[in-house]
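As stored in protein.cif (mmCIF, C-alpha atoms and all ligand atoms):
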```cif
data_query
#
loop_
_atom_site.label_atom_id
_atom_site.label_comp_id
_atom_site.auth_asym_id
_atom_site.auth_seq_id
_atom_site.Cartn_x
_atom_site.Cartn_y
_atom_site.Cartn_z
CA MET A 1 4.22 -21.68 28.08
CA ALA A 2 5.97 -23.25 25.06
CA ASP A 3 9.64 -22.50 24.32
CA GLY A 4 10.19 -18.88 23.38
CA LEU A 5 11.06 -17.13 20.14
CA LYS A 6 13.42 -14.21 19.69
CA VAL A 7 11.93 -11.87 17.10
CA LEU A 8 13.69 -8.83 15.66
CA VAL A 9 11.80 -5.88 14.15
CA THR A 10 13.92 -3.19 12.47
CA GLY A 11 12.61 0.31 11.87
CA ALA A 12 11.04 -0.21 15.27
CA ALA A 13 10.42 3.49 15.93
CA GLY A 14 8.62 3.91 12.58
CA GLN A 15 4.94 3.96 11.75
CA ILE A 16 4.52 0.34 10.50
CA ALA A 17 6.30 -0.98 13.58
CA TYR A 18 3.98 1.02 15.81
CA SER A 19 1.04 -0.99 14.44
CA LEU A 20 2.98 -4.26 14.25
CA LEU A 21 4.74 -4.66 17.59
CA TYR A 22 1.57 -5.05 19.63
CA SER A 23 0.28 -7.93 17.49
CA ILE A 24 3.58 -9.83 17.76
CA ALA A 25 3.84 -9.20 21.51
CA ASN A 26 0.21 -10.17 22.05
CA GLY A 27 0.63 -13.62 20.50
CA ASP A 28 -1.47 -12.84 17.41
CA VAL A 29 1.32 -14.05 15.11
CA PHE A 30 3.13 -16.94 16.79
CA GLY A 31 0.33 -18.04 19.11
CA LYS A 32 -0.63 -17.07 22.64
CA ASP A 33 1.34 -19.95 24.15
CA LYS A 34 4.69 -18.83 22.69
CA SER A 35 6.72 -16.52 24.86
CA ILE A 36 8.30 -13.73 22.84
CA THR A 37 11.52 -11.83 23.28
CA LEU A 38 11.04 -8.77 21.12
CA VAL A 39 14.16 -7.07 19.80
CA MET A 40 13.67 -3.60 18.37
CA LEU A 41 16.35 -1.98 16.22
CA ASP A 42 16.40 1.56 14.91
CA ILE A 43 19.09 4.11 14.14
CA ALA A 44 20.77 6.22 16.85
CA PRO A 45 18.69 9.40 16.32
CA MET A 46 15.57 7.33 17.13
CA ALA A 47 16.91 5.88 20.42
CA GLU A 48 14.76 8.18 22.55
CA ALA A 49 11.59 7.44 20.55
CA LEU A 50 12.33 3.71 20.92
CA LYS A 51 12.33 4.12 24.72
CA GLY A 52 8.77 5.39 24.47
CA VAL A 53 7.70 2.34 22.45
CA VAL A 54 9.33 0.07 25.06
CA MET A 55 7.39 1.82 27.83
CA GLU A 56 4.14 1.36 25.94
CA LEU A 57 4.81 -2.33 25.36
CA GLN A 58 5.54 -2.76 29.07
CA ASP A 59 2.35 -0.90 29.90
CA CYS A 60 0.32 -3.35 27.78
CA ALA A 61 1.14 -6.01 30.43
CA LEU A 62 0.95 -8.81 27.85
CA PRO A 63 1.30 -12.37 29.17
CA SER A 64 3.28 -13.68 26.17
CA LEU A 65 5.84 -10.86 26.10
CA LYS A 66 8.82 -12.20 28.02
CA ASN A 67 11.39 -9.52 27.31
CA VAL A 68 11.89 -6.36 25.24
CA ILE A 69 15.30 -5.28 23.99
CA SER A 70 15.61 -1.93 22.25
CA THR A 71 18.90 -1.17 20.62
CA THR A 72 20.72 0.79 17.96
CA ASP A 73 23.51 -1.79 17.85
CA VAL A 74 23.32 -4.23 14.94
CA LYS A 75 25.26 -7.00 16.69
CA GLU A 76 23.00 -6.92 19.74
CA ALA A 77 19.93 -6.83 17.51
CA PHE A 78 20.78 -9.84 15.32
CA THR A 79 22.31 -12.16 17.92
CA ASP A 80 20.53 -15.55 18.16
CA ILE A 81 17.29 -14.38 16.56
CA ASP A 82 14.67 -16.82 15.25
CA PHE A 83 12.79 -14.31 13.08
CA ALA A 84 13.88 -11.04 11.49
CA ILE A 85 11.25 -8.65 10.20
CA LEU A 86 13.25 -6.02 8.34
CA VAL A 87 11.01 -2.98 8.09
CA GLY A 88 13.55 -0.18 8.52
CA ALA A 89 14.73 1.45 5.32
CA MET A 90 15.66 4.84 3.98
CA PRO A 91 12.58 6.63 2.64
CA ARG A 92 12.74 8.44 -0.68
CA ARG A 93 13.38 12.12 0.00
CA GLN A 94 12.48 15.03 -2.24
CA GLY A 95 14.95 15.44 -5.08
CA MET A 96 16.44 11.98 -4.47
CA GLU A 97 17.17 9.97 -7.61
CA ARG A 98 16.04 6.34 -7.69
CA LYS A 99 19.73 5.37 -7.90
CA ASP A 100 20.45 7.26 -4.64
CA LEU A 101 17.60 5.42 -2.91
CA LEU A 102 18.85 2.05 -4.14
CA LYS A 103 22.34 2.92 -2.93
CA ALA A 104 21.19 4.02 0.54
CA ASN A 105 19.10 0.90 0.97
CA ALA A 106 21.71 -1.44 -0.49
CA LYS A 107 24.04 -0.20 2.25
CA ILE A 108 21.47 -1.02 4.96
CA PHE A 109 20.69 -4.49 3.61
CA VAL A 110 24.35 -5.37 3.02
CA GLU A 111 25.01 -4.53 6.68
CA GLN A 112 21.96 -6.46 7.88
CA GLY A 113 22.68 -9.45 5.61
CA GLN A 114 26.20 -9.60 7.03
CA ALA A 115 24.79 -9.33 10.56
CA LEU A 116 22.42 -12.24 9.87
CA GLU A 117 25.37 -14.26 8.62
CA LYS A 118 27.47 -13.50 11.69
CA TYR A 119 25.05 -13.37 14.59
CA ALA A 120 21.65 -14.95 13.83
CA LYS A 121 20.68 -18.60 14.21
CA LYS A 122 21.24 -20.50 10.95
CA THR A 123 17.55 -21.40 11.06
CA VAL A 124 16.49 -17.74 11.18
CA LYS A 125 13.60 -16.74 8.91
CA VAL A 126 13.82 -13.31 7.36
CA LEU A 127 10.99 -11.17 6.00
CA VAL A 128 12.02 -8.02 4.15
CA VAL A 129 9.46 -5.20 4.10
CA GLY A 130 11.56 -2.06 3.57
CA ASN A 131 11.53 -0.91 -0.05
CA PRO A 132 12.58 -1.80 -2.66
CA ALA A 133 11.60 -4.97 -0.78
CA ASN A 134 12.41 -7.62 -3.41
CA THR A 135 15.86 -6.25 -4.21
CA ASN A 136 16.68 -5.54 -0.56
CA CYS A 137 15.79 -9.16 0.15
CA LEU A 138 18.10 -10.35 -2.64
CA ILE A 139 20.92 -8.23 -1.22
CA ALA A 140 20.40 -9.55 2.31
CA LEU A 141 20.39 -13.23 1.27
CA THR A 142 23.44 -12.70 -0.93
CA CYS A 143 25.31 -11.30 2.08
CA ALA A 144 24.29 -14.26 4.28
CA PRO A 145 25.51 -17.26 2.26
CA SER A 146 25.44 -19.73 5.17
CA ILE A 147 21.69 -19.28 5.69
CA PRO A 148 19.45 -21.14 3.19
CA LYS A 149 18.04 -18.83 0.52
CA THR A 150 14.62 -20.32 1.20
CA ASN A 151 14.75 -18.66 4.65
CA PHE A 152 14.41 -15.24 3.01
CA THR A 153 11.13 -13.79 1.74
CA CYS A 154 9.78 -10.35 0.96
CA LEU A 155 6.33 -8.94 1.61
CA THR A 156 3.72 -8.93 -1.16
CA ARG A 157 0.90 -9.97 1.16
CA LEU A 158 -0.35 -6.39 1.39
CA ASP A 159 -0.80 -6.42 -2.40
CA GLN A 160 -2.55 -9.79 -2.15
CA ASN A 161 -4.88 -8.49 0.57
CA ARG A 162 -5.64 -5.39 -1.51
CA ALA A 163 -6.48 -7.57 -4.53
CA GLN A 164 -8.61 -9.94 -2.44
CA SER A 165 -10.56 -7.03 -1.00
CA GLN A 166 -11.16 -5.50 -4.45
CA ILE A 167 -12.66 -8.77 -5.72
CA ALA A 168 -14.72 -9.31 -2.55
CA SER A 169 -16.21 -5.84 -2.70
CA ARG A 170 -16.93 -6.20 -6.43
CA LEU A 171 -18.84 -9.42 -5.69
CA GLY A 172 -20.47 -8.08 -2.53
CA VAL A 173 -19.08 -10.94 -0.43
CA SER A 174 -16.96 -10.98 2.71
CA ASN A 175 -13.18 -10.80 2.33
CA ASP A 176 -12.70 -14.36 3.54
CA SER A 177 -14.95 -15.62 0.74
CA VAL A 178 -12.13 -14.90 -1.73
CA SER A 179 -8.98 -17.03 -1.73
CA ASN A 180 -5.97 -18.06 -3.78
CA MET A 181 -5.28 -14.61 -5.19
CA ILE A 182 -1.82 -14.32 -6.72
CA ILE A 183 0.68 -11.49 -6.82
CA TRP A 184 3.44 -12.11 -9.34
CA GLY A 185 6.76 -10.26 -9.29
CA ASN A 186 7.90 -7.03 -7.75
CA HIS A 187 6.26 -5.10 -4.91
CA SER A 188 6.00 -2.09 -7.21
CA SER A 189 3.67 -0.70 -9.83
CA THR A 190 4.76 -3.46 -12.27
CA GLN A 191 3.44 -6.23 -10.00
CA PHE A 192 0.80 -8.45 -11.57
CA PRO A 193 -2.27 -9.13 -9.38
CA ASP A 194 -3.77 -12.23 -11.01
CA ALA A 195 -7.34 -13.30 -10.23
CA ALA A 196 -7.42 -16.06 -12.88
CA HIS A 197 -6.86 -18.86 -10.34
CA ALA A 198 -8.67 -17.31 -7.38
CA SER A 199 -11.88 -18.71 -5.93
CA ALA A 200 -14.88 -16.91 -4.52
CA VAL A 201 -17.76 -18.23 -2.46
CA VAL A 202 -20.88 -16.54 -3.79
CA GLY A 203 -24.36 -17.50 -2.62
CA GLY A 204 -23.04 -20.59 -0.86
CA SER A 205 -21.18 -22.10 -3.83
CA THR A 206 -17.54 -21.81 -4.81
CA ALA A 207 -16.69 -20.43 -8.24
CA ASN A 208 -13.62 -19.28 -10.10
CA ALA A 209 -13.25 -15.55 -9.38
CA VAL A 210 -13.10 -14.59 -13.06
CA GLU A 211 -16.31 -16.48 -13.78
CA ALA A 212 -17.96 -14.96 -10.72
CA VAL A 213 -16.95 -11.37 -11.61
CA LYS A 214 -17.93 -11.75 -15.30
CA ASP A 215 -16.12 -8.58 -16.35
CA ASP A 216 -12.82 -9.24 -18.15
CA ALA A 217 -12.36 -5.58 -19.06
CA TRP A 218 -12.39 -4.62 -15.36
CA LEU A 219 -10.24 -7.60 -14.31
CA ASN A 220 -7.60 -6.85 -16.97
CA GLY A 221 -7.78 -3.08 -16.48
CA ASP A 222 -8.96 -1.13 -13.44
CA PHE A 223 -8.62 -4.06 -11.03
CA ILE A 224 -4.92 -4.46 -11.83
CA SER A 225 -4.11 -0.76 -11.85
CA THR A 226 -6.02 -0.11 -8.61
CA VAL A 227 -3.94 -2.74 -6.80
CA GLN A 228 -0.70 -1.59 -8.45
CA LYS A 229 -1.29 2.03 -7.46
CA ARG A 230 -2.97 1.49 -4.09
CA GLY A 231 0.11 2.45 -2.07
CA GLY A 232 0.29 5.79 -3.90
CA ALA A 233 -3.44 6.38 -3.40
CA VAL A 234 -3.05 5.88 0.37
CA ILE A 235 -0.12 8.33 0.44
CA ALA A 236 -2.09 10.90 -1.55
CA ALA A 237 -5.00 10.69 0.88
CA ARG A 238 -3.19 10.24 4.18
CA LYS A 239 0.05 12.09 3.41
CA LEU A 240 1.70 9.02 4.92
CA SER A 241 2.27 5.56 3.48
CA SER A 242 0.24 2.48 4.43
CA ALA A 243 0.97 1.41 8.00
CA MET A 244 -2.04 -0.32 9.61
CA SER A 245 -2.66 -2.48 6.51
CA ALA A 246 1.08 -3.11 6.08
CA ALA A 247 1.37 -4.30 9.69
CA LYS A 248 -1.67 -6.56 9.26
CA ALA A 249 -0.16 -8.03 6.08
CA ILE A 250 3.16 -8.67 7.86
CA CYS A 251 1.26 -10.57 10.57
CA ASP A 252 -0.61 -12.61 7.92
CA HIS A 253 2.65 -13.43 6.11
CA VAL A 254 4.61 -14.44 9.19
CA ARG A 255 1.72 -16.42 10.72
CA ASP A 256 1.32 -18.44 7.51
CA TRP A 257 5.06 -18.95 7.27
CA TYR A 258 5.17 -20.21 10.87
CA PHE A 259 1.98 -22.28 11.08
CA GLY A 260 1.58 -23.17 7.38
CA THR A 261 -1.19 -22.51 4.88
CA LYS A 262 -4.43 -24.43 5.32
CA GLY A 263 -5.66 -27.25 3.07
CA ASP A 264 -5.44 -26.39 -0.59
CA LYS A 265 -5.07 -22.65 0.03
CA TRP A 266 -2.00 -20.79 -1.08
CA THR A 267 -0.50 -17.37 -0.47
CA SER A 268 1.90 -15.13 -2.35
CA MET A 269 5.33 -14.14 -1.16
CA GLY A 270 8.54 -12.91 -2.69
CA ILE A 271 11.00 -15.81 -2.78
CA TYR A 272 14.42 -16.43 -4.27
CA SER A 273 13.96 -17.57 -7.86
CA ASN A 274 16.27 -20.45 -8.77
CA GLY A 275 15.11 -20.37 -12.38
CA SER A 276 12.98 -23.51 -12.17
CA HIS A 277 9.46 -22.02 -11.84
CA TYR A 278 7.26 -20.57 -14.58
CA GLY A 279 10.25 -19.68 -16.78
CA LEU A 280 11.29 -16.88 -14.40
CA PRO A 281 14.88 -15.61 -14.39
CA GLU A 282 17.31 -16.94 -11.82
CA ASN A 283 18.72 -14.83 -8.98
CA ILE A 284 15.95 -12.36 -8.36
CA VAL A 285 13.39 -12.28 -5.54
CA TYR A 286 10.01 -12.67 -7.24
CA SER A 287 6.53 -13.08 -5.74
CA VAL A 288 4.83 -16.39 -6.55
CA PRO A 289 2.03 -18.50 -5.04
CA VAL A 290 3.26 -20.97 -2.41
CA ARG A 291 1.83 -23.59 -0.09
CA ILE A 292 3.56 -23.74 3.29
CA ALA A 293 3.92 -26.73 5.60
CA PRO A 294 3.76 -26.18 9.38
CA GLY A 295 7.26 -25.10 10.39
CA GLY A 296 7.81 -23.04 7.28
CA GLU A 297 8.93 -25.19 4.36
CA TYR A 298 7.20 -23.84 1.28
CA THR A 299 6.55 -25.22 -2.19
CA VAL A 300 5.73 -23.16 -5.24
CA VAL A 301 2.26 -23.91 -6.63
CA GLU A 302 3.06 -25.51 -9.95
CA GLY A 303 1.07 -26.22 -13.09
CA LEU A 304 -1.10 -23.10 -13.23
CA LYS A 305 -2.13 -22.27 -16.77
CA ILE A 306 -0.52 -18.99 -17.79
CA SER A 307 -2.31 -17.00 -20.51
CA ASP A 308 -0.41 -14.83 -23.01
CA PHE A 309 -1.74 -11.78 -21.16
CA ALA A 310 -0.43 -13.09 -17.83
CA ARG A 311 2.91 -14.06 -19.41
CA SER A 312 3.54 -10.56 -20.69
CA LYS A 313 2.74 -9.05 -17.27
CA MET A 314 4.92 -11.62 -15.47
CA ASP A 315 7.82 -10.93 -17.82
CA ALA A 316 7.51 -7.16 -17.47
CA THR A 317 7.81 -7.27 -13.68
CA ALA A 318 10.70 -9.77 -13.94
CA GLN A 319 12.46 -7.36 -16.28
CA GLU A 320 12.10 -4.54 -13.73
CA LEU A 321 13.60 -6.78 -11.05
CA LEU A 322 16.58 -7.62 -13.28
CA GLU A 323 17.15 -3.90 -13.83
CA GLU A 324 16.88 -3.18 -10.07
CA ARG A 325 19.32 -5.98 -9.33
CA ASN A 326 21.82 -4.72 -11.90
CA ALA A 327 21.61 -1.19 -10.50
CA ALA A 328 21.95 -2.34 -6.87
CA TRP A 329 24.84 -4.71 -7.63
CA ASP A 330 27.18 -1.75 -8.19
CA PHE A 331 26.82 -1.01 -4.47
CA LEU A 332 27.58 -4.50 -3.16
CA PRO A 333 30.97 -5.27 -1.62
CA THR A 334 33.20 -7.30 -3.95
P1 LIG A 401 8.98 5.05 8.71
O1 LIG A 401 9.83 6.08 8.02
O2 LIG A 401 7.83 5.50 9.55
O3 LIG A 401 9.90 4.13 9.63
C1 LIG A 401 11.09 3.59 9.16
C2 LIG A 401 12.00 3.45 10.35
O4 LIG A 401 13.17 2.76 9.91
C3 LIG A 401 12.45 4.78 10.94
O5 LIG A 401 12.22 4.80 12.35
C4 LIG A 401 13.94 4.80 10.61
O6 LIG A 401 14.71 5.51 11.58
C5 LIG A 401 14.25 3.32 10.59
N1 LIG A 401 15.51 2.97 9.94
C6 LIG A 401 16.12 3.57 8.90
N2 LIG A 401 17.30 2.98 8.65
C7 LIG A 401 17.43 1.97 9.52
C8 LIG A 401 18.44 1.00 9.77
N3 LIG A 401 19.57 0.98 9.06
N4 LIG A 401 18.25 0.12 10.77
C9 LIG A 401 17.13 0.14 11.53
N5 LIG A 401 16.14 1.06 11.35
C10 LIG A 401 16.30 1.96 10.36
O7 LIG A 401 8.52 4.07 7.55
P2 LIG A 401 7.36 2.98 7.55
O8 LIG A 401 6.11 3.63 7.11
O9 LIG A 401 7.37 2.25 8.84
O10 LIG A 401 7.83 2.04 6.33
C11 LIG A 401 8.99 1.26 6.42
C12 LIG A 401 9.34 0.65 5.07
O11 LIG A 401 8.30 -0.22 4.63
C13 LIG A 401 9.53 1.67 3.95
O12 LIG A 401 10.67 1.31 3.19
C14 LIG A 401 8.28 1.47 3.10
O13 LIG A 401 8.48 1.88 1.76
C15 LIG A 401 8.08 -0.01 3.24
N6 LIG A 401 6.77 -0.56 2.88
C16 LIG A 401 6.74 -1.77 2.28
C17 LIG A 401 5.55 -2.43 1.99
C18 LIG A 401 5.55 -3.77 1.35
O14 LIG A 401 4.45 -4.26 1.07
N7 LIG A 401 6.67 -4.42 1.08
C19 LIG A 401 4.25 -1.78 2.28
C20 LIG A 401 4.33 -0.70 3.30
C21 LIG A 401 5.55 0.17 3.22
O15 LIG A 401 5.35 1.15 2.22
#
```

Using structure tokens, write down the structure from this file.
Amino acid sequence: MADGLKVLVTGAAGQIAYSLLYSIANGDVFGKDKSITLVMLDIAPMAEALKGVVMELQDCALPSLKNVISTTDVKEAFTDIDFAILVGAMPRRQGMERKDLLKANAKIFVEQGQALEKYAKKTVKVLVVGNPANTNCLIALTCAPSIPKTNFTCLTRLDQNRAQSQIASRLGVSNDSVSNMIIWGNHSSTQFPDAAHASAVVGGSTANAVEAVKDDAWLNGDFISTVQKRGGAVIAARKLSSAMSAAKAICDHVRDWYFGTKGDKWTSMGIYSNGSHYGLPENIVYSVPVRIAPGGEYTVVEGLKISDFARSKMDATAQELLEERNAAWDFLPT
């Protein structure tokens, strides 16, 4: 078996982790020939529940799972890790102001950013899932200045998968017939799912998705709002937020980041904006299309034609991220 990887999942006693841990341990993300040491972090009140998850992982008897460490200690969790999948976050409680949620989560991601800085390998790759994912990611990378900013991403793959599936079902084709969907901006209701550059294989030939759908009113209206509000629709129906689809999207994101994207295909992920792509502001974490080389180095897909409609949507979600950043910054250590 190839050299192992040490992979941390936070929020490990939560519902996304329950769907996610098996796939990582089973080799569905990093490959069957990679031995995995799985580190699971949650908060102290969840220590007993974590023990149950450990027992279940042991009982799966998976060949690629070398070791399982469950802990409520941040130092133990972050020491020498190769990958950090930061799922754990404070959920919004009834009566909680948005500011209170930002504050609670800023505290978590300051602590975890500092732990990455102190204890993780300098080559660690970090995926932030816990909401507000983009701003939590910005906080974590700010608190880990010795790790390259390009090693931090946040999850918008679930939004991309939702958009891809909407187009595929509209065209009556399989999900893998649709590619190069883009999610711009924040993982929130201001995100901009953009089908203008996507492709679809219909009846054996490849076409631009917009030309294949032939319904601009739907593409600029219901398609966008369905994707933007999908998380809320799942909560309304299930009384719980997306977990199975979130875990699947995390696996897709990390697998592409580890093995690279294929051929001319791209994927969307929230990355640190250095101000040099598509006129986006500097110092926010913004979702853009990227191509990824094996090993993880990514390049932003450049040169896409941006319509006035797209521009206004891209700017609106950037504006929301600037506001989130400004609100969260009050809670950062000086
Ligand atoms: P759960 O509430 O089921 O689980 C969260 C877990 O995190 C709990 O076990 C909790 O004890 C733990 N936790 C809290 N603070 C922690 C800390 N400081 N260190 C370690 N663990 C801690 O939530 P779940 O449904 O699993 O969702 C987790 C997060 O993902 C939420 O913030 C949610 O909003 C976010 N999501 C983000 C998505 C994205 O696309 N970026 C989509 C899915 C999901 O909504």

TODO: May I have the protein, DNA and RNA residues with an atom at most 12 Å from (-1.2, -24.6, -10.1), counting all atoms listed in the file in the file's coordinates, returned as number ranges by chain?
DONE: A: 180-182, 196-198, 264-266, 277-278, 288-291, 299-306

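Nearest to ligand LIG 401 (chain A) of all the residues A:Asp194, A:Asp82, A:Asp73, A:Glu323 is A:Asp73, based on all atoms listed in the file.
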
Open item on the list: Counting only C-alpha atoms and all ligand atoms, what are the residues, protein, DNA or RNA alike, that approach ligand LIG 401 (chain A) to within 9 Å? I want them as an MDAnalysis selection string.
Closed with: chainID A and resid 9:18 40:46 49:50 72 74 86:92 105 107:109 111:112 128:134 154:159 187:188 231 240:247 249:250

At a cut-off of 12 Å, using all atoms listed in the file, what residues contact Trp218 of chain A? Leave out same-chain residues fewer than 4 positions from it and give the result as a PDB file with C-alpha atoms, keeping the file's coordinate frame.
```
ATOM      1  CA  GLN A 166     -11.160  -5.500  -4.450  1.00  0.00           C
ATOM      2  CA  ILE A 167     -12.660  -8.770  -5.720  1.00  0.00           C
ATOM      3  CA  ARG A 170     -16.930  -6.200  -6.430  1.00  0.00           C
ATOM      4  CA  ALA A 195      -7.340 -13.300 -10.230  1.00  0.00           C
ATOM      5  CA  VAL A 210     -13.100 -14.590 -13.060  1.00  0.00           C
ATOM      6  CA  VAL A 213     -16.950 -11.370 -11.610  1.00  0.00           C
ATOM      7  CA  LYS A 214     -17.930 -11.750 -15.300  1.00  0.00           C
ATOM      8  CA  ASP A 222      -8.960  -1.130 -13.440  1.00  0.00           C
ATOM      9  CA  PHE A 223      -8.620  -4.060 -11.030  1.00  0.00           C
ATOM     10  CA  ILE A 224      -4.920  -4.460 -11.830  1.00  0.00           C
ATOM     11  CA  SER A 225      -4.110  -0.760 -11.850  1.00  0.00           C
ATOM     12  CA  THR A 226      -6.020  -0.110  -8.610  1.00  0.00           C
TER      13      THR A 226
END
```

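The shortest atom-to-atom distance to Lys125 of chain A, with all atoms listed in the file taken into account, belongs to A:Lys6 out of A:Lys229, A:Arg162, A:Arg238, A:Lys6.
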
With a distance cut-off of 9 Å and all atoms listed in the file, select the neighbouring residues of segment 327-334 of chain A, excluding the residue or stretch itself and same-chain residues fewer than 5 positions from it, and output the selection as a CSV table (one decimal) with C-alpha atoms, in the frame of the given file.
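Now in part_7.csv:
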```csv
chain,number,residue,atom,x,y,z
A,99,LYS,CA,19.7,5.4,-7.9
A,102,LEU,CA,18.8,2.0,-4.1
A,103,LYS,CA,22.3,2.9,-2.9
A,105,ASN,CA,19.1,0.9,1.0
A,106,ALA,CA,21.7,-1.4,-0.5
A,107,LYS,CA,24.0,-0.2,2.2
A,110,VAL,CA,24.4,-5.4,3.0
A,135,THR,CA,15.9,-6.2,-4.2
A,136,ASN,CA,16.7,-5.5,-0.6
A,139,ILE,CA,20.9,-8.2,-1.2
A,143,CYS,CA,25.3,-11.3,2.1
A,322,LEU,CA,16.6,-7.6,-13.3
```

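For Asp59 of chain A, the residues within 12 Å (counting all atoms listed in the file, excluding itself and residues fewer than 6 positions away along the chain) are Tyr22, Ala25, Gly52, Val53, Leu65 and Val68 of chain A.
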
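Nearest residue to Ala115 of chain A among A:Glu97, A:Asp80, A:Asp256, A:Glu211 is A:Asp80, counting all atoms listed in the file.
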
Task: A:Thr267, A:Ser179, A:Asn186, A:Thr317 ranked by distance to Asp252 of chain A, top pick (using only C-alpha atoms) - done: A:Thr267

Extending 8 Å beyond the listed atoms of segment 269-283 of chain A on each side, what axis-aligned box results? I want centre and edge lengths in Å to one decimal, as lines of an AutoDock Vina configuration file.
```
center_x = 12.0
center_y = -18.2
center_z = -9.0
size_x = 29.4
size_y = 26.6
size_z = 31.6
```

Task: Thr37 of chain A surroundings by all atoms listed in the file, 12 Å radius, close-in-sequence under 5 positions cut, as a ChimeraX atom specification - done: /A:3-9,21,24-27,30,57,62-70,77,80-83

- [ ] With a distance cut-off of 12 Å and only C-alpha atoms, select the neighbouring residues of Phe309 of chain A, excluding the residue or stretch itself and same-chain residues fewer than 3 positions from it, and output the selection as a VMD selection string.
- [x] chain A and resid 192 194 196 216 219 to 221 305 to 306 312 to 316

Same residues, C-alpha atoms, saved as a CSV table (one decimal), keeping the file's coordinate frame:
```
chain,number,residue,atom,x,y,z
A,192,PHE,CA,0.8,-8.4,-11.6
A,194,ASP,CA,-3.8,-12.2,-11.0
A,196,ALA,CA,-7.4,-16.1,-12.9
A,216,ASP,CA,-12.8,-9.2,-18.2
A,219,LEU,CA,-10.2,-7.6,-14.3
A,220,ASN,CA,-7.6,-6.8,-17.0
A,221,GLY,CA,-7.8,-3.1,-16.5
A,305,LYS,CA,-2.1,-22.3,-16.8
A,306,ILE,CA,-0.5,-19.0,-17.8
A,312,SER,CA,3.5,-10.6,-20.7
A,313,LYS,CA,2.7,-9.0,-17.3
A,314,MET,CA,4.9,-11.6,-15.5
A,315,ASP,CA,7.8,-10.9,-17.8
A,316,ALA,CA,7.5,-7.2,-17.5
```

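Among A:Ala236, A:Ala293, A:Ile183, A:Leu280, the residue with the shortest atom-to-atom distance to Lys262 of chain A, counting only C-alpha atoms, is A:Ala293.
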
Task: For Ser287 of chain A, the nearest of the candidates A:Ser35, A:Gln58, A:Thr79, A:Thr153, counting all atoms listed in the file - done: A:Thr153

Open item on the list: To one decimal place in Å, what is the distance between atom CA of Ser146 of chain A and atom CA of Glu117 of chain A?
Closed with: 6.5 Å

Open item on the list: Can you measure atom CA of Val173 of chain A to atom CA of Asp28 of chain A for me? One decimal in Å is fine.
Closed with: 25.1 Å

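The gap separating atom CA of Thr150 of chain A from atom CA of Gly295 of chain A is 12.7 Å, in Å to one decimal.
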